[in-house]
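Trainee: Sharing upload_29.cif (mmCIF, C-alpha atoms and all ligand atoms) below.
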```cif
data_work
loop_
_atom_site.label_atom_id
_atom_site.label_comp_id
_atom_site.auth_asym_id
_atom_site.auth_seq_id
_atom_site.Cartn_x
_atom_site.Cartn_y
_atom_site.Cartn_z
CA MET R 235 -16.27 -14.65 -12.29
CA LYS R 236 -13.49 -15.52 -9.84
CA ILE R 237 -10.92 -12.83 -9.02
CA GLU R 238 -8.12 -14.44 -11.10
CA THR R 239 -10.38 -14.27 -14.19
CA LYS R 240 -11.65 -10.79 -13.37
CA ILE R 241 -8.07 -9.50 -13.22
CA VAL R 242 -7.42 -10.64 -16.78
CA VAL R 243 -10.72 -10.33 -18.64
CA GLY R 244 -13.12 -8.66 -16.23
CA ASP R 245 -13.41 -5.50 -18.29
CA ARG R 246 -12.71 -6.47 -21.93
CA ILE R 247 -11.32 -3.34 -23.57
CA ASP R 248 -11.85 -4.75 -27.09
CA LYS R 249 -15.61 -4.53 -26.57
CA ARG R 250 -15.29 -0.76 -26.05
CA ASP R 251 -12.30 0.21 -28.20
CA PRO R 252 -13.11 1.43 -31.73
CA ALA R 253 -10.17 -0.59 -33.12
CA ARG R 254 -11.11 -3.67 -31.00
CA ALA R 255 -7.61 -3.55 -29.44
CA ILE R 256 -7.25 -6.09 -26.63
CA VAL R 257 -4.66 -3.93 -24.83
CA PRO R 258 -5.62 -0.40 -23.74
CA PRO R 259 -4.01 2.38 -25.80
CA ILE R 260 -1.79 4.94 -24.05
CA TYR R 261 -3.21 8.46 -24.45
CA LEU R 262 -0.13 10.60 -23.96
CA SER R 263 -1.93 13.77 -25.03
CA ALA R 264 -1.79 16.32 -22.22
CA VAL R 265 -4.55 18.40 -23.84
CA TYR R 266 -7.95 17.67 -25.46
CA SER R 267 -9.77 19.95 -27.90
CA PHE R 268 -13.28 21.39 -27.56
CA GLU R 269 -15.78 21.16 -30.47
CA LYS R 270 -16.97 24.71 -29.76
CA ALA R 271 -16.44 27.22 -26.93
CA GLU R 272 -19.72 26.06 -25.36
CA HIS R 273 -18.41 22.46 -25.22
CA GLY R 274 -15.35 23.64 -23.23
CA ALA R 275 -17.52 25.64 -20.85
CA GLU R 276 -19.79 22.61 -20.28
CA LEU R 277 -16.83 20.35 -19.55
CA PHE R 278 -15.42 22.83 -17.03
CA ALA R 279 -18.84 23.20 -15.41
CA GLY R 280 -19.08 19.39 -15.08
CA GLU R 281 -22.25 19.36 -17.17
CA ARG R 282 -20.74 16.98 -19.72
CA ASP R 283 -18.31 14.04 -19.58
CA GLY R 284 -15.07 14.32 -21.52
CA TYR R 285 -11.44 15.30 -21.29
CA ILE R 286 -9.87 18.73 -20.88
CA TYR R 287 -6.31 18.32 -19.65
CA THR R 288 -4.52 15.24 -18.30
CA ARG R 289 -4.13 16.60 -14.76
CA LEU R 290 -7.95 16.74 -14.64
CA GLY R 291 -8.51 13.33 -16.25
CA ASN R 292 -6.95 11.02 -18.85
CA PRO R 293 -8.45 8.01 -20.68
CA THR R 294 -5.56 5.60 -19.88
CA VAL R 295 -5.44 6.63 -16.24
CA GLU R 296 -9.24 6.25 -16.06
CA GLU R 297 -8.96 2.77 -17.52
CA PHE R 298 -6.64 1.87 -14.65
CA GLU R 299 -8.84 3.58 -12.05
CA LYS R 300 -11.95 1.74 -13.22
CA LYS R 301 -10.15 -1.60 -13.28
CA MET R 302 -8.80 -1.13 -9.75
CA ALA R 303 -12.26 -0.08 -8.50
CA MET R 304 -13.83 -3.18 -10.05
CA LEU R 305 -11.20 -5.47 -8.49
CA GLU R 306 -11.39 -3.79 -5.08
CA GLY R 307 -15.20 -3.76 -5.04
CA ALA R 308 -15.21 0.07 -4.78
CA GLU R 309 -17.44 2.52 -6.64
CA CYS R 310 -14.58 4.78 -7.75
CA GLY R 311 -10.82 4.93 -8.15
CA LEU R 312 -8.36 7.77 -8.50
CA GLY R 313 -4.76 7.37 -9.71
CA PHE R 314 -1.86 9.30 -8.17
CA ALA R 315 1.78 9.96 -9.02
CA SER R 316 2.92 7.86 -6.05
CA GLY R 317 1.64 6.06 -2.98
CA MET R 318 2.67 9.09 -0.91
CA ALA R 319 0.60 11.42 -3.15
CA ALA R 320 -2.39 9.12 -2.57
CA ILE R 321 -1.88 9.12 1.21
CA SER R 322 -1.23 12.85 1.57
CA SER R 323 -4.22 13.69 -0.63
CA THR R 324 -6.47 11.40 1.42
CA ILE R 325 -5.45 13.07 4.68
CA LEU R 326 -5.91 16.56 3.23
CA ALA R 327 -9.28 15.63 1.72
CA PHE R 328 -10.71 14.90 5.16
CA CYS R 329 -8.69 17.04 7.59
CA GLY R 330 -8.05 20.78 7.90
CA ALA R 331 -6.45 23.05 10.50
CA GLY R 332 -7.77 22.27 13.98
CA ASP R 333 -8.78 18.70 13.07
CA ASN R 334 -7.04 15.51 14.11
CA VAL R 335 -6.30 12.18 12.43
CA ILE R 336 -5.84 8.93 14.37
CA VAL R 337 -3.07 6.79 12.92
CA SER R 338 -1.90 3.24 13.57
CA GLU R 339 1.69 2.81 14.73
CA PRO R 340 4.01 1.52 13.25
CA ILE R 341 3.50 2.70 9.70
CA TYR R 342 5.65 3.05 6.55
CA GLY R 343 8.60 5.45 7.13
CA GLY R 344 7.52 7.87 4.38
CA THR R 345 4.02 8.12 5.85
CA PHE R 346 5.56 8.61 9.28
CA ALA R 347 7.70 11.47 7.94
CA LEU R 348 4.62 13.08 6.34
CA LEU R 349 2.65 12.79 9.59
CA ASN R 350 5.53 13.92 11.74
CA LYS R 351 6.80 16.85 9.69
CA VAL R 352 4.29 18.16 7.13
CA ILE R 353 0.82 17.45 8.53
CA PRO R 354 1.35 19.12 11.95
CA ARG R 355 2.62 22.27 10.19
CA LEU R 356 -0.81 22.56 8.59
CA GLY R 357 -2.44 22.60 12.01
CA ILE R 358 -3.63 18.99 11.83
CA GLU R 359 -2.89 16.96 14.94
CA VAL R 360 -1.74 13.35 14.63
CA ARG R 361 -2.80 10.93 17.36
CA TRP R 362 -1.14 7.51 17.47
CA ALA R 363 -2.62 4.16 18.52
CA LYS R 364 -1.09 0.70 18.44
CA THR R 365 -1.60 -1.21 15.15
CA SER R 366 -2.07 -4.62 16.78
CA ASP R 367 -4.81 -3.38 19.11
CA PHE R 368 -5.94 -0.30 17.19
CA ALA R 369 -9.62 0.08 18.18
CA ASN R 370 -9.05 -0.81 21.86
CA ASP R 371 -6.01 1.44 22.13
CA ILE R 372 -7.97 4.37 20.64
CA GLU R 373 -10.67 3.87 23.27
CA ALA R 374 -8.25 3.27 26.13
CA LYS R 375 -6.38 6.49 25.32
CA GLY R 376 -9.62 8.42 24.70
CA LEU R 377 -8.33 9.69 21.34
CA ILE R 378 -11.64 10.46 19.62
CA ASP R 379 -13.18 13.91 19.90
CA GLU R 380 -15.42 16.14 17.77
CA ARG R 381 -12.40 17.25 15.67
CA THR R 382 -11.38 13.67 14.73
CA LYS R 383 -11.93 13.52 10.97
CA LEU R 384 -10.13 10.35 9.87
CA PHE R 385 -8.67 7.02 11.01
CA LEU R 386 -5.62 6.13 8.91
CA THR R 387 -4.26 2.59 9.16
CA GLU R 388 -1.91 0.25 7.37
CA THR R 389 -2.26 -3.54 7.47
CA PRO R 390 -0.10 -5.57 7.38
CA ALA R 391 2.05 -2.80 8.80
CA ASN R 392 5.40 -1.92 7.32
CA PRO R 393 7.78 -3.22 8.66
CA THR R 394 6.61 -5.27 11.67
CA LEU R 395 3.70 -7.04 9.90
CA ASP R 396 1.39 -6.25 12.81
CA LEU R 397 -2.24 -6.35 11.70
CA VAL R 398 -5.15 -3.96 12.21
CA ASP R 399 -8.53 -5.63 12.80
CA LEU R 400 -10.36 -3.75 10.04
CA LYS R 401 -13.90 -4.83 10.95
CA GLU R 402 -13.52 -3.80 14.59
CA THR R 403 -11.86 -0.51 13.53
CA ALA R 404 -14.62 0.38 11.06
CA GLN R 405 -17.28 -0.37 13.70
CA LEU R 406 -15.65 1.97 16.21
CA ALA R 407 -15.08 4.75 13.65
CA HIS R 408 -18.61 4.58 12.25
CA LYS R 409 -20.11 4.76 15.74
CA HIS R 410 -18.58 8.26 15.78
CA GLY R 411 -19.31 9.07 12.12
CA ILE R 412 -15.60 9.02 11.17
CA PRO R 413 -14.31 7.49 7.90
CA VAL R 414 -11.53 4.86 7.92
CA ALA R 415 -8.74 4.78 5.33
CA VAL R 416 -6.44 1.77 5.04
CA ASP R 417 -3.16 1.41 3.20
CA THR R 418 -3.37 -2.15 1.88
CA THR R 419 -0.17 -2.06 -0.18
CA PHE R 420 1.24 -5.20 1.50
CA ALA R 421 -1.81 -7.38 0.80
CA SER R 422 -3.77 -6.02 -2.20
CA PHE R 423 -7.38 -6.82 -3.12
CA TYR R 424 -6.21 -10.36 -3.91
CA LEU R 425 -5.56 -11.19 -0.23
CA GLN R 426 -7.64 -8.69 1.72
CA ARG R 427 -11.08 -7.10 1.11
CA PRO R 428 -11.20 -3.94 3.29
CA ILE R 429 -14.40 -2.49 1.77
CA GLU R 430 -16.30 -5.68 2.58
CA LEU R 431 -15.07 -5.28 6.18
CA GLY R 432 -16.50 -1.75 6.40
CA VAL R 433 -13.46 0.37 5.44
CA ASP R 434 -14.35 3.58 3.55
CA VAL R 435 -11.16 4.44 1.67
CA VAL R 436 -8.51 2.03 0.38
CA VAL R 437 -5.07 3.42 -0.48
CA TYR R 438 -2.19 1.77 -2.30
CA SER R 439 1.33 2.34 -3.39
CA THR R 440 0.86 0.67 -6.80
CA THR R 441 4.66 0.78 -7.11
CA LYS R 442 4.63 -2.53 -5.22
CA TYR R 443 2.44 -5.60 -5.92
CA ILE R 444 0.16 -3.92 -8.49
CA GLY R 445 3.07 -3.02 -10.81
CA GLY R 446 5.15 -5.93 -9.61
CA HIS R 447 8.33 -5.21 -11.58
CA SER R 448 9.95 -2.16 -9.87
CA ASP R 449 9.53 -0.11 -13.04
CA ALA R 450 6.87 2.50 -12.19
CA VAL R 451 5.92 4.64 -9.19
CA GLY R 452 2.25 5.28 -8.52
CA GLY R 453 -0.66 5.21 -6.11
CA VAL R 454 -4.40 4.79 -6.12
CA VAL R 455 -7.31 5.65 -3.83
CA LEU R 456 -10.54 3.62 -3.97
CA SER R 457 -13.80 4.55 -2.27
CA SER R 458 -17.50 5.29 -2.61
CA ALA R 459 -18.58 7.99 -5.07
CA GLU R 460 -19.45 10.27 -2.15
CA HIS R 461 -16.00 10.09 -0.53
CA MET R 462 -14.35 10.33 -3.94
CA ARG R 463 -16.11 13.62 -4.64
CA GLN R 464 -14.50 14.99 -1.50
CA ILE R 465 -11.06 13.59 -2.36
CA LYS R 466 -11.13 14.74 -5.97
CA LYS R 467 -12.55 18.17 -5.30
CA ASN R 468 -10.31 18.89 -2.32
CA THR R 469 -7.02 17.59 -3.49
CA VAL R 470 -5.80 15.88 -6.61
CA VAL R 471 -6.71 18.48 -9.19
CA ASP R 472 -5.30 21.37 -7.17
CA LEU R 473 -2.32 19.61 -5.60
CA GLY R 474 -1.45 18.10 -8.97
CA GLY R 475 -0.20 14.66 -7.90
CA THR R 476 -1.87 12.86 -10.81
CA MET R 477 -0.71 9.55 -12.28
CA SER R 478 1.01 9.66 -15.66
CA PRO R 479 -0.72 7.83 -18.55
CA PHE R 480 2.40 5.79 -19.21
CA SER R 481 2.53 4.61 -15.58
CA ALA R 482 -1.19 3.74 -15.77
CA PHE R 483 -0.42 1.51 -18.76
CA ILE R 484 2.46 -0.18 -16.88
CA PHE R 485 0.14 -0.84 -13.91
CA LEU R 486 -2.61 -2.23 -16.16
CA ARG R 487 -0.06 -4.60 -17.66
CA GLY R 488 1.42 -5.53 -14.27
CA LEU R 489 -2.04 -6.22 -12.83
CA GLN R 490 -2.68 -9.04 -15.29
CA THR R 491 -0.11 -11.31 -13.61
CA LEU R 492 -0.80 -10.23 -10.03
CA ALA R 493 -2.51 -13.45 -8.97
CA VAL R 494 0.19 -15.80 -10.27
CA ARG R 495 2.95 -13.57 -8.94
CA ILE R 496 1.46 -13.40 -5.45
CA ASP R 497 0.65 -17.13 -5.42
CA ARG R 498 4.28 -17.93 -6.15
CA MET R 499 5.65 -15.32 -3.72
CA GLN R 500 3.48 -16.68 -0.89
CA GLU R 501 4.45 -20.25 -1.65
CA ASN R 502 8.13 -19.20 -1.41
CA ALA R 503 7.54 -16.92 1.60
CA ILE R 504 5.98 -19.49 3.91
CA LYS R 505 8.81 -21.97 3.20
CA ILE R 506 11.44 -19.29 3.84
CA ALA R 507 9.67 -18.07 7.00
CA ARG R 508 9.59 -21.60 8.46
CA TRP R 509 13.23 -22.17 7.49
CA LEU R 510 14.26 -18.87 9.11
CA GLU R 511 12.43 -19.91 12.29
CA SER R 512 14.62 -23.02 12.44
CA ARG R 513 17.89 -21.05 12.23
CA PRO R 514 19.81 -20.62 15.51
CA GLU R 515 21.07 -17.15 14.43
CA VAL R 516 17.49 -15.80 14.23
CA GLU R 517 15.79 -14.41 17.30
CA ARG R 518 12.34 -13.84 15.81
CA VAL R 519 10.50 -14.22 12.49
CA TYR R 520 7.36 -12.26 11.59
CA TYR R 521 4.99 -13.51 8.89
CA PRO R 522 1.19 -13.25 9.31
CA PHE R 523 0.58 -16.87 8.29
CA LEU R 524 3.13 -18.38 10.70
CA GLU R 525 1.47 -20.00 13.72
CA SER R 526 3.89 -18.02 15.90
CA HIS R 527 2.55 -14.64 14.64
CA PRO R 528 0.72 -13.06 17.61
CA GLN R 529 -2.25 -12.26 15.33
CA PHE R 530 -2.31 -15.54 13.37
CA GLU R 531 -6.06 -16.00 14.04
CA LEU R 532 -6.85 -12.49 12.76
CA ALA R 533 -4.59 -13.08 9.73
CA LYS R 534 -6.61 -16.18 8.80
CA ARG R 535 -9.89 -14.35 9.33
CA GLN R 536 -8.97 -11.17 7.48
CA MET R 537 -6.57 -12.31 4.76
CA SER R 538 -6.59 -15.21 2.32
CA GLY R 539 -2.77 -15.46 2.32
CA GLY R 540 0.29 -14.02 4.04
CA SER R 541 1.71 -12.18 0.99
CA GLY R 542 5.44 -12.10 0.23
CA ILE R 543 6.95 -9.99 2.99
CA ILE R 544 8.83 -11.54 5.91
CA THR R 545 10.71 -9.68 8.62
CA PHE R 546 13.19 -11.18 11.03
CA ILE R 547 15.54 -10.17 13.81
CA LEU R 548 19.05 -11.56 14.04
CA LYS R 549 20.25 -12.47 17.55
CA ASP R 550 23.30 -10.24 17.28
CA GLY R 551 21.30 -7.18 16.23
CA ARG R 552 22.16 -4.40 13.81
CA ASP R 553 25.86 -5.20 13.25
CA ALA R 554 25.04 -8.80 12.45
CA GLY R 555 22.42 -7.55 10.00
CA ARG R 556 24.99 -5.45 8.16
CA LYS R 557 27.39 -8.39 7.84
CA PHE R 558 24.51 -10.59 6.71
CA LEU R 559 23.35 -8.20 3.95
CA ASP R 560 26.89 -7.61 2.68
CA LYS R 561 27.45 -11.33 2.09
CA LEU R 562 24.40 -11.88 -0.14
CA GLU R 563 25.02 -12.50 -3.84
CA LEU R 564 21.62 -13.30 -5.36
CA LEU R 565 19.22 -11.21 -3.28
CA ILE R 566 19.26 -7.51 -4.06
CA VAL R 567 19.86 -5.16 -1.14
CA ALA R 568 17.32 -2.45 -1.98
CA VAL R 569 14.19 -0.78 -0.65
CA SER R 570 10.66 -1.24 -2.03
CA LEU R 571 8.83 -4.55 -2.19
CA GLY R 572 6.28 -6.63 -4.06
CA ALA R 573 8.47 -7.09 -7.14
CA VAL R 574 9.27 -10.34 -8.97
CA THR R 575 12.86 -9.98 -7.73
CA THR R 576 13.61 -10.70 -4.07
CA LEU R 577 14.63 -7.50 -2.28
CA ILE R 578 16.11 -7.23 1.19
CA GLU R 579 16.73 -4.19 3.40
CA HIS R 580 17.27 -2.87 6.92
CA PRO R 581 14.26 -0.67 7.86
CA GLY R 582 15.99 1.06 10.80
CA SER R 583 18.60 2.68 8.53
CA MET R 584 16.71 2.66 5.21
CA THR R 585 12.89 2.74 4.69
CA HIS R 586 12.20 3.81 8.27
CA SER R 587 15.18 6.13 8.79
CA ALA R 588 12.72 9.00 9.45
CA TYR R 589 12.13 7.32 12.85
CA SER R 590 14.57 8.35 15.60
CA ALA R 591 15.93 5.54 17.81
CA GLU R 592 13.31 6.57 20.38
CA ASN R 593 10.47 6.52 17.84
CA LEU R 594 11.58 3.10 16.53
CA LYS R 595 11.34 1.77 20.07
CA LYS R 596 7.94 3.38 20.68
CA ALA R 597 6.61 1.93 17.41
CA GLY R 598 7.95 -1.54 18.27
CA ILE R 599 10.44 -1.63 15.36
CA ASP R 600 13.55 -3.51 16.48
CA GLU R 601 16.78 -1.82 15.34
CA GLY R 602 18.06 -5.18 14.12
CA LEU R 603 14.97 -5.98 12.03
CA ILE R 604 15.55 -7.12 8.43
CA ARG R 605 12.78 -6.96 5.80
CA LEU R 606 12.66 -9.49 3.01
CA SER R 607 10.33 -9.05 0.04
CA VAL R 608 10.20 -12.50 -1.50
CA GLY R 609 10.12 -12.73 -5.29
CA ILE R 610 9.30 -15.47 -7.75
CA GLU R 611 12.75 -17.07 -8.03
CA ASN R 612 13.25 -20.73 -7.18
CA VAL R 613 12.92 -20.89 -3.40
CA ASP R 614 16.01 -23.14 -3.03
CA ASP R 615 18.17 -20.44 -4.61
CA ILE R 616 16.79 -17.80 -2.22
CA ILE R 617 17.48 -20.05 0.77
CA GLU R 618 20.97 -20.85 -0.48
CA ASP R 619 21.76 -17.14 -0.63
CA LEU R 620 20.33 -16.53 2.85
CA GLU R 621 22.59 -19.38 4.06
CA ARG R 622 25.51 -17.42 2.62
CA GLY R 623 24.42 -14.48 4.80
CA PHE R 624 24.37 -16.68 7.90
CA GLU R 625 27.89 -17.94 7.05
CA ALA R 626 29.09 -14.34 7.54
CA LEU R 627 27.95 -14.45 11.18
CA LYS R 628 30.17 -17.39 12.14
C1 LIG T 701 2.93 0.50 2.93
C2 LIG T 701 3.42 1.59 2.05
N1 LIG T 701 2.62 2.63 1.76
C3 LIG T 701 3.02 3.65 0.97
C4 LIG T 701 4.28 3.67 0.43
C5 LIG T 701 4.71 4.85 -0.41
O1 LIG T 701 4.55 4.55 -1.75
P1 LIG T 701 5.35 5.31 -2.92
O2 LIG T 701 6.80 4.98 -2.73
O3 LIG T 701 4.75 4.73 -4.16
O4 LIG T 701 5.09 6.76 -2.77
C6 LIG T 701 5.15 2.61 0.68
C7 LIG T 701 6.50 2.61 0.09
O5 LIG T 701 7.33 1.79 0.39
C8 LIG T 701 4.71 1.55 1.51
O6 LIG T 701 5.50 0.51 1.81
#
```
As a first step, turn the structure in this file into C-alpha cells.

Mentor:
Amino acid sequence: MKIETKIVVGDRIDKRDPARAIVPPIYLSAVYSFEKAEHGAELFAGERDGYIYTRLGNPTVEEFEKKMAMLEGAECGLGFASGMAAISSTILAFCGAGDNVIVSEPIYGGTFALLNKVIPRLGIEVRWAKTSDFANDIEAKGLIDERTKLFLTETPANPTLDLVDLKETAQLAHKHGIPVAVDTTFASFYLQRPIELGVDVVVYSTTKYIGGHSDAVGGVVLSSAEHMRQIKKNTVVDLGGTMSPFSAFIFLRGLQTLAVRIDRMQENAIKIARWLESRPEVERVYYPFLESHPQFELAKRQMSGGSGIITFILKDGRDAGRKFLDKLELLIVAVSLGAVTTLIEHPGSMTHSAYSAENLKKAGIDEGLIRLSVGIENVDDIIEDLERGFEALK
C-alpha cells in the first residue's frame, strides 16, 4: 500500500468496531469501570490491557496514536496535549539533573524558551550546535560527554528552514549510545522518514500539518517500544499532558486529507518561492527545494518535497516587513502553520520573541525575516496579495 492509501484506509476501523462504523467513535468518558476489584488491581499492575482513566489511556487517543505509528513506521505512539507537551516530556524522559542535552540551533521559539528558562532550572544543561552542520559542529565543539543523554533536533528548522542531516546525526549519536529525537512538524511522515534514517524518537506539533485546519492543539511522540516505555513511565502519566479524545478525533479526521493538502501547498509554495526570488524588494528567499537553498542537495536526499513553508527577508528589514504585513488583505497575519489557510508572520517579534536580539543573531535568524505558511488557495490570489504588500514599500 502506498502512503496516500495507507493514510485513508490503512487501518480500517470498521473491521474492528462492533457497529462496523467507518469513522472512529469519540470516547469522551474520563473514567472506565472495573468488572470486579481484582480486575481494577490487574489493570493498575499492568497485568491486563484495558482502560482505567483517560489520563492513563483512552480508546480514541489510542486510535490516533496507532495510526500515527503506522504512518511513521514506528512501533509506538503517544498523544500529548500540545507539541510543547510532547517536546518537554521527551526531554524529561531522557534527562535528569546533572545530564545535558545537545540541541540544534535555531529551533522553534517555544522550544527555545523551554530550553532557556525551564530546563536549566531542573539542573539539565543545554548545549547548542548549528542546525545546518549539526554533527560536525557537535564534534568540533566537543559537546558530547558521559552525561549527554539526548540529541534534540528540528528539521526543517523553524524559522530559517535550515536542515539537519538526520542520517549523519544518528550515526554520531549512536556511536556514543545516545538517542536522537527530531521535531518533524514542518515536514511530516509524508515528506521525511526519520526512523528509516536512524532517528530514535519523532516528535510533532500535530496542531500544524496533521490537523491542517487550525482547530485543535496537540502533539505526538513516536518511537520504539523500548524508548516509549521510558517516555510513558517517566512523564506523560505523571506530568498529565495527555491529548484530549476530542482533539484525537479532529487529528484523525485531518490526517485523511494530509497528502492532498500537502501536495497542493507544495505546488503553490515552489511557485511563490520562485516568484519571491524574482522580486527586487526581496534580499533572500529560503525554501528547501529552491536551487539557491544552501542545503538543496540534502533536501533532495532527505525529503520528498519542500513542504509549504517559505521564509524571506525584505531588503529594507523589519520596518519594511511591518508595512508589508499591514497591507495584506487575503493572507492572514497570524502565527502557526500547516493549515489550509495561508498564514504569514514576523518570527522576530512573534513566534520567536523569546529570542533576544543577540540570540536571534547567534541563531542566524534575521530580524527582518518573514515566515509564510502557504495554504491551498489559488496561487494567483496569494501572489496578488503579496504584490499588494510590495506596493506598500514603494
Ligand atoms: C516546529 C515546532 N515544534 C513545536 C511547536 C509547538 O507546538 P504546539 O504549539 O502544538 O505546542 C511548534 C509551534 O509552532 C513548532 O513550529

Trainee: Using all atoms listed in the file, which residues have at least one atom no more than 6 Å from ligand LIG 701 (chain T)? Output them as a PyMOL selection string.

Mentor: chain R and resi 316-318+342+392+419+439+441+451-453+570

Trainee: Taking 2 positions as the minimum chain separation for residues in the same chain, which residues sit within 7 Å of segment 353-359 of chain R when counting only C-alpha atoms? Answer as a ChimeraX atom specification.

Mentor: /R:329-335,348-351,361

Trainee: Under the rule that all atoms listed in the file are counted, which of R:Arg556, R:Lys595, R:Lys383, R:Lys466 is the nearest residue to Gly313 of chain R?

Mentor: R:Lys466

Trainee: Which is closer to Asp449 of chain R than all the others in R:Ile544, R:Ile484, R:Val257, R:Leu305, using all atoms listed in the file?

Mentor: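 Nearest to Asp449 of chain R: R:Ile484.
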
Trainee: Interatomic distance between atom CA of Ala482 of chain R and atom CA of Leu262 of chain R?

Mentor: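 Rounded to one decimal, the two atoms are 10.7 Å apart.
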
Trainee: Could you state the separation of atom CA of Ser481 of chain R and atom CA of Phe298 of chain R in Å, given to one decimal place?

Mentor: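 Separation of atom CA of Ser481 of chain R and atom CA of Phe298 of chain R: 9.6 Å.
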